[in-house]
Amino acid sequence: MNLLALETTCDETAAAVVTDRLEVLASVVASQDDLHRRFGGVVPEIASRAHVERVLPVIDETLRKAGLTLSDIDAVAVANTPGLAGSLLVGLVAAKAICVARRIPLVAVNHLQAHIYACRMAARRDVFPCVGLIVSGGHSSLYRCRGPLDFQFLGGTIDDAAGEAFDKVAAMLHLDYPGGPSIERAAAGGNPRAYAFPRALLREGRLDFSFSGLKTAVRYAVEKEAGGGGRGTGLVVSGQWSVVSDQNPEIRNRKHPAPRPSPLVPRSVADLAASFQEAVVDCLVGKAFVALERTDMRILCVGGGVAANRRLRERLQAEAERRQVELHVAPTRLCTDNAVMGAIAVERLRAGLVEGLDLDVFPGVVRNAG
Ligand code: KG4
Ligand code: ZN
């Protein structure tokens, strides 16, 4: 049985073909980073329009890579929650159209659960029951995952998501978008103890996260550095700024504005990036292991874009070894949004969980979805 999975929850248009034995026959991801870079974050209207332009070419390319045609597809899975409403709709409508035309079942995918399932796909064996930590641009959440169809919400961010904080702090430091990889690169030469940034809620019993205080603390530190000694170097710390490559000529022909020169010296940027990254990592690692203790579980699965961060991976690994916890962190290509993780739909299909054509999108988080 071949399942076509679609993913358009945010700013990646992705499709994959997986079999009921969880073999990946093809996977294609069209990133929109170039379109959103100059805004320093995802612009929902631009994202949904780009999905409209890309979803069919991405499906075609995926089928071509798999050596299949639509008539070889037995079911279509689509991420319909959570995400940006306009973006979700594009994937859902494409999936429904194929299901109607081909008279095949439609399967709903919860994007957060799929991020955890990326660990299952990489491990090639069962990883449940486990604690699931999802750290992405829109979410920082902990789940008790009793099985692939049984997720119970344990805690999440009360303000910014971890990835969102990376993106916003990168903008403050005049680093390129998306912020996570830029901060990671800048932090490589910095001192993680140069600034004592707050670790909100770390010592409290709750399994929630908060990153807005950390973001504000970085802002104050940046202002202080820019005001004293760092100013006047004229150094441009921003990465390359390219012409956006959209099919819409209005967007295609518009150039990015020239990057503003950073008032910070490179040493300050490196130290601020390293100290910020360490504070985020402390909170994520700390809470993940509290969740394991609280649920009495021995397996931790971590997914989402921020899970690509090498410092986070190192720290999780060290802590897992110390506490003899089995750790699964999704491989980098499966951390950021992709459709391979939509293979969680195979589990739903097996359980007979198929949807009618009235399936809707749910942009907000459905906490205890099964
Ligand atoms: O999971 P994802 O692709 O999209 C959402 O579902 O949100 O995550 C994107 C987020 C962005 O905020 C990006 O800055 C962050 O993941 N990210 C990273 C790294 N790579 C991507 N954050 C920290 N370190 C990285 N290496
Ligand atoms: Zn995601």
# chains A, B, ... in the order shown; residues from 1 in each chain; ligands from 1
$ residues_near_ligand --ligand "ligand 2" --cutoff "7 Å" --atoms "only C-alpha atoms and all ligand atoms" --output "list in words"
His111, Leu112, His115, Ser136, Gly137, Gly304, Gly305, Thr336 and Asp337 of chain A
$ residues_near_ligand --ligand "ligand 1" --cutoff "8 Å" --atoms "only C-alpha atoms and all ligand atoms" --output "MDAnalysis selection string"
chainID A and resid 9:12 83 111:112 115 135:139 162:167 177:184 303:310 335:338
$ residues_around --residues "Gln317 in chain A" --least-positions-apart "4" --cutoff "10 Å" --atoms "only C-alpha atoms" --output "MDAnalysis selection string"
chainID A and resid 285 311:313 321:323 325:329
$ closest_residue --among "A:Glu278, A:Met121, A:Leu202, A:Ala47" --to "Leu334 in chain A" --atoms "only C-alpha atoms"
A:Met121
$ residues_around --residues "Phe197 in chain A" --least-positions-apart "5" --cutoff "12 Å" --atoms "only C-alpha atoms" --output "list in words"
Pro192, Phe211, Ser212, Gly213, Leu214, Lys215, Thr216, Ala217, Val218, Arg219, Tyr220, Ala221, Asp271, Leu272, Ala273, Ala274, Ser275, Phe276, Gln277, Glu278, Ala279, Val280, Val281, Asp282 and Cys283 of chain A
$ write_last_selection --atoms "C-alpha atoms" --output "mmCIF file, in the first residue's frame"
data_model
loop_
_atom_site.group_PDB
_atom_site.id
_atom_site.type_symbol
_atom_site.label_atom_id
_atom_site.label_comp_id
_atom_site.auth_asym_id
_atom_site.auth_seq_id
_atom_site.Cartn_x
_atom_site.Cartn_y
_atom_site.Cartn_z
ATOM 1 C CA PRO A 192 27.957 30.520 26.850
ATOM 2 C CA PHE A 211 11.002 32.455 26.488
ATOM 3 C CA SER A 212 9.741 36.033 26.354
ATOM 4 C CA GLY A 213 11.707 37.156 29.456
ATOM 5 C CA LEU A 214 14.869 35.667 27.962
ATOM 6 C CA LYS A 215 14.215 37.527 24.715
ATOM 7 C CA THR A 216 13.815 40.811 26.603
ATOM 8 C CA ALA A 217 16.996 40.161 28.597
ATOM 9 C CA VAL A 218 18.883 39.653 25.311
ATOM 10 C CA ARG A 219 17.405 42.885 23.981
ATOM 11 C CA TYR A 220 18.668 44.841 27.021
ATOM 12 C CA ALA A 221 22.106 43.241 26.705
ATOM 13 C CA ASP A 271 28.877 35.693 23.282
ATOM 14 C CA LEU A 272 25.255 36.862 23.154
ATOM 15 C CA ALA A 273 24.339 34.033 20.751
ATOM 16 C CA ALA A 274 26.119 31.396 22.861
ATOM 17 C CA SER A 275 24.631 32.634 26.153
ATOM 18 C CA PHE A 276 21.123 32.801 24.667
ATOM 19 C CA GLN A 277 21.411 29.342 23.115
ATOM 20 C CA GLU A 278 22.650 27.866 26.399
ATOM 21 C CA ALA A 279 19.704 29.359 28.307
ATOM 22 C CA VAL A 280 17.168 27.870 25.852
ATOM 23 C CA VAL A 281 18.937 24.499 25.922
ATOM 24 C CA ASP A 282 18.989 24.469 29.758
ATOM 25 C CA CYS A 283 15.207 25.009 29.849
#
$ closest_residue --among "A:Tyr143, A:Val361, A:Cys130, A:Ile116" --to "Pro331 in chain A" --atoms "only C-alpha atoms"
A:Ile116
$ closest_residue --among "A:Gly86, A:Gly156, A:Gly91, A:Gly132" --to "Leu56 in chain A" --atoms "only C-alpha atoms"
A:Gly91
$ select_by_dssp --residues "range 261-349 of chain A" --states "strand (DSSP E)" --output "PDB file with N, CA, C and O atoms, in the first residue's frame"
ATOM      1  N   ILE A 299      11.936   6.526  27.750  1.00  0.00           N
ATOM      2  CA  ILE A 299      12.301   6.867  26.368  1.00  0.00           C
ATOM      3  C   ILE A 299      11.914   8.321  26.105  1.00  0.00           C
ATOM      4  O   ILE A 299      10.793   8.744  26.430  1.00  0.00           O
ATOM      5  N   LEU A 300      12.857   9.080  25.518  1.00  0.00           N
ATOM      6  CA  LEU A 300      12.588  10.477  25.159  1.00  0.00           C
ATOM      7  C   LEU A 300      12.747  10.637  23.650  1.00  0.00           C
ATOM      8  O   LEU A 300      13.774  10.244  23.090  1.00  0.00           O
ATOM      9  N   CYS A 301      11.717  11.183  22.988  1.00  0.00           N
ATOM     10  CA  CYS A 301      11.786  11.458  21.555  1.00  0.00           C
ATOM     11  C   CYS A 301      11.707  12.966  21.347  1.00  0.00           C
ATOM     12  O   CYS A 301      10.839  13.629  21.931  1.00  0.00           O
ATOM     13  N   VAL A 302      12.594  13.495  20.520  1.00  0.00           N
ATOM     14  CA  VAL A 302      12.650  14.942  20.326  1.00  0.00           C
ATOM     15  C   VAL A 302      12.572  15.259  18.836  1.00  0.00           C
ATOM     16  O   VAL A 302      13.317  14.700  18.033  1.00  0.00           O
ATOM     17  N   GLY A 303      11.668  16.165  18.475  1.00  0.00           N
ATOM     18  CA  GLY A 303      11.520  16.552  17.073  1.00  0.00           C
ATOM     19  C   GLY A 303      11.206  18.029  16.935  1.00  0.00           C
ATOM     20  O   GLY A 303      11.025  18.731  17.935  1.00  0.00           O
ATOM     21  N   GLU A 326      16.623   6.173  27.102  1.00  0.00           N
ATOM     22  CA  GLU A 326      16.805   5.923  25.663  1.00  0.00           C
ATOM     23  C   GLU A 326      16.375   7.184  24.920  1.00  0.00           C
ATOM     24  O   GLU A 326      15.238   7.638  25.066  1.00  0.00           O
ATOM     25  N   LEU A 327      17.306   7.741  24.145  1.00  0.00           N
ATOM     26  CA  LEU A 327      17.033   9.028  23.484  1.00  0.00           C
ATOM     27  C   LEU A 327      16.916   8.852  21.967  1.00  0.00           C
ATOM     28  O   LEU A 327      17.750   8.199  21.349  1.00  0.00           O
ATOM     29  N   HIS A 328      15.882   9.452  21.402  1.00  0.00           N
ATOM     30  CA  HIS A 328      15.748   9.498  19.936  1.00  0.00           C
ATOM     31  C   HIS A 328      15.551  10.952  19.532  1.00  0.00           C
ATOM     32  O   HIS A 328      14.546  11.556  19.894  1.00  0.00           O
ATOM     33  N   VAL A 329      16.534  11.498  18.839  1.00  0.00           N
ATOM     34  CA  VAL A 329      16.353  12.847  18.298  1.00  0.00           C
ATOM     35  C   VAL A 329      16.252  12.673  16.792  1.00  0.00           C
ATOM     36  O   VAL A 329      17.092  11.987  16.191  1.00  0.00           O
TER      37      VAL A 329
END
$ closest_residue --among "A:Leu25, A:Leu70, A:Leu201, A:Leu88" --to "Arg49 in chain A" --atoms "only C-alpha atoms"
A:Leu88
$ atom_distance --atom1 "CA of Ser71 in chain A" --atom2 "CA of Arg103 in chain A"
10.3 Å
$ residues_around --residues "Gln324 in chain A" --least-positions-apart "5" --cutoff "10 Å" --atoms "only C-alpha atoms" --output "list in words"
Arg298, Ile299, Ala318 and Glu319 of chain A
$ write_last_selection --atoms "all heavy atoms" --output "compact mmCIF listing (two decimals), in the first residue's frame"
# COMPACT_ATOMS: atom_id res chain seq x y z
N ARG A 298 10.98 5.90 30.18
CA ARG A 298 12.42 5.71 29.98
C ARG A 298 12.88 6.08 28.58
O ARG A 298 14.04 5.90 28.24
CB ARG A 298 12.80 4.23 30.25
CG ARG A 298 12.39 3.66 31.58
CD ARG A 298 12.97 4.40 32.77
NE ARG A 298 14.40 4.63 32.68
CZ ARG A 298 15.05 5.61 33.32
NH1 ARG A 298 14.39 6.46 34.08
NH2 ARG A 298 16.35 5.75 33.20
N ILE A 299 11.94 6.53 27.75
CA ILE A 299 12.30 6.87 26.37
C ILE A 299 11.91 8.32 26.10
O ILE A 299 10.79 8.74 26.43
CB ILE A 299 11.60 5.95 25.34
CG1 ILE A 299 11.93 4.48 25.63
CG2 ILE A 299 11.99 6.33 23.92
CD1 ILE A 299 11.23 3.50 24.70
N ALA A 318 24.11 13.76 26.59
CA ALA A 318 24.87 13.63 27.84
C ALA A 318 23.93 13.31 29.00
O ALA A 318 24.20 12.41 29.82
CB ALA A 318 25.64 14.92 28.11
N GLU A 319 22.82 14.01 29.06
CA GLU A 319 21.87 13.82 30.16
C GLU A 319 21.21 12.44 30.06
O GLU A 319 20.97 11.77 31.07
CB GLU A 319 20.82 14.94 30.10
CG GLU A 319 20.09 15.23 31.37
CD GLU A 319 20.97 15.60 32.55
OE1 GLU A 319 22.13 16.00 32.35
OE2 GLU A 319 20.48 15.45 33.69
$ atom_distance --atom1 "CA of Ala161 in chain A" --atom2 "CA of Val365 in chain A"
12.9 Å
$ select_by_dssp --residues "range 45-203 of chain A" --states "alpha helix (DSSP H)" --output "PyMOL selection string"
chain A and resi 45-66+85-102+111-123+162-172+179-187
$ closest_residue --among "A:Ser262, A:Thr295, A:Gln152, A:Ser140" --to "Ala170 in chain A" --atoms "only C-alpha atoms"
A:Ser262
$ residues_around --residues "Leu4 in chain A" --least-positions-apart "3" --cutoff "10 Å" --atoms "only C-alpha atoms" --output "list in words"
Ala15, Ala16, Val17, Val18, Thr19, Leu25, Ala26, Ser27, Ile59, Thr62, Leu63, Leu70, Asp72, Ile73, Asp74, Ala75, Val76, Ala77, Val78, Ala95, Ile98, Leu106, Val107, Ala339, Val340, Gly342, Ala343 and Ala345 of chain A
$ atom_distance --atom1 "CA of Ala188 in chain A" --atom2 "CA of Glu314 in chain A"
13.3 Å
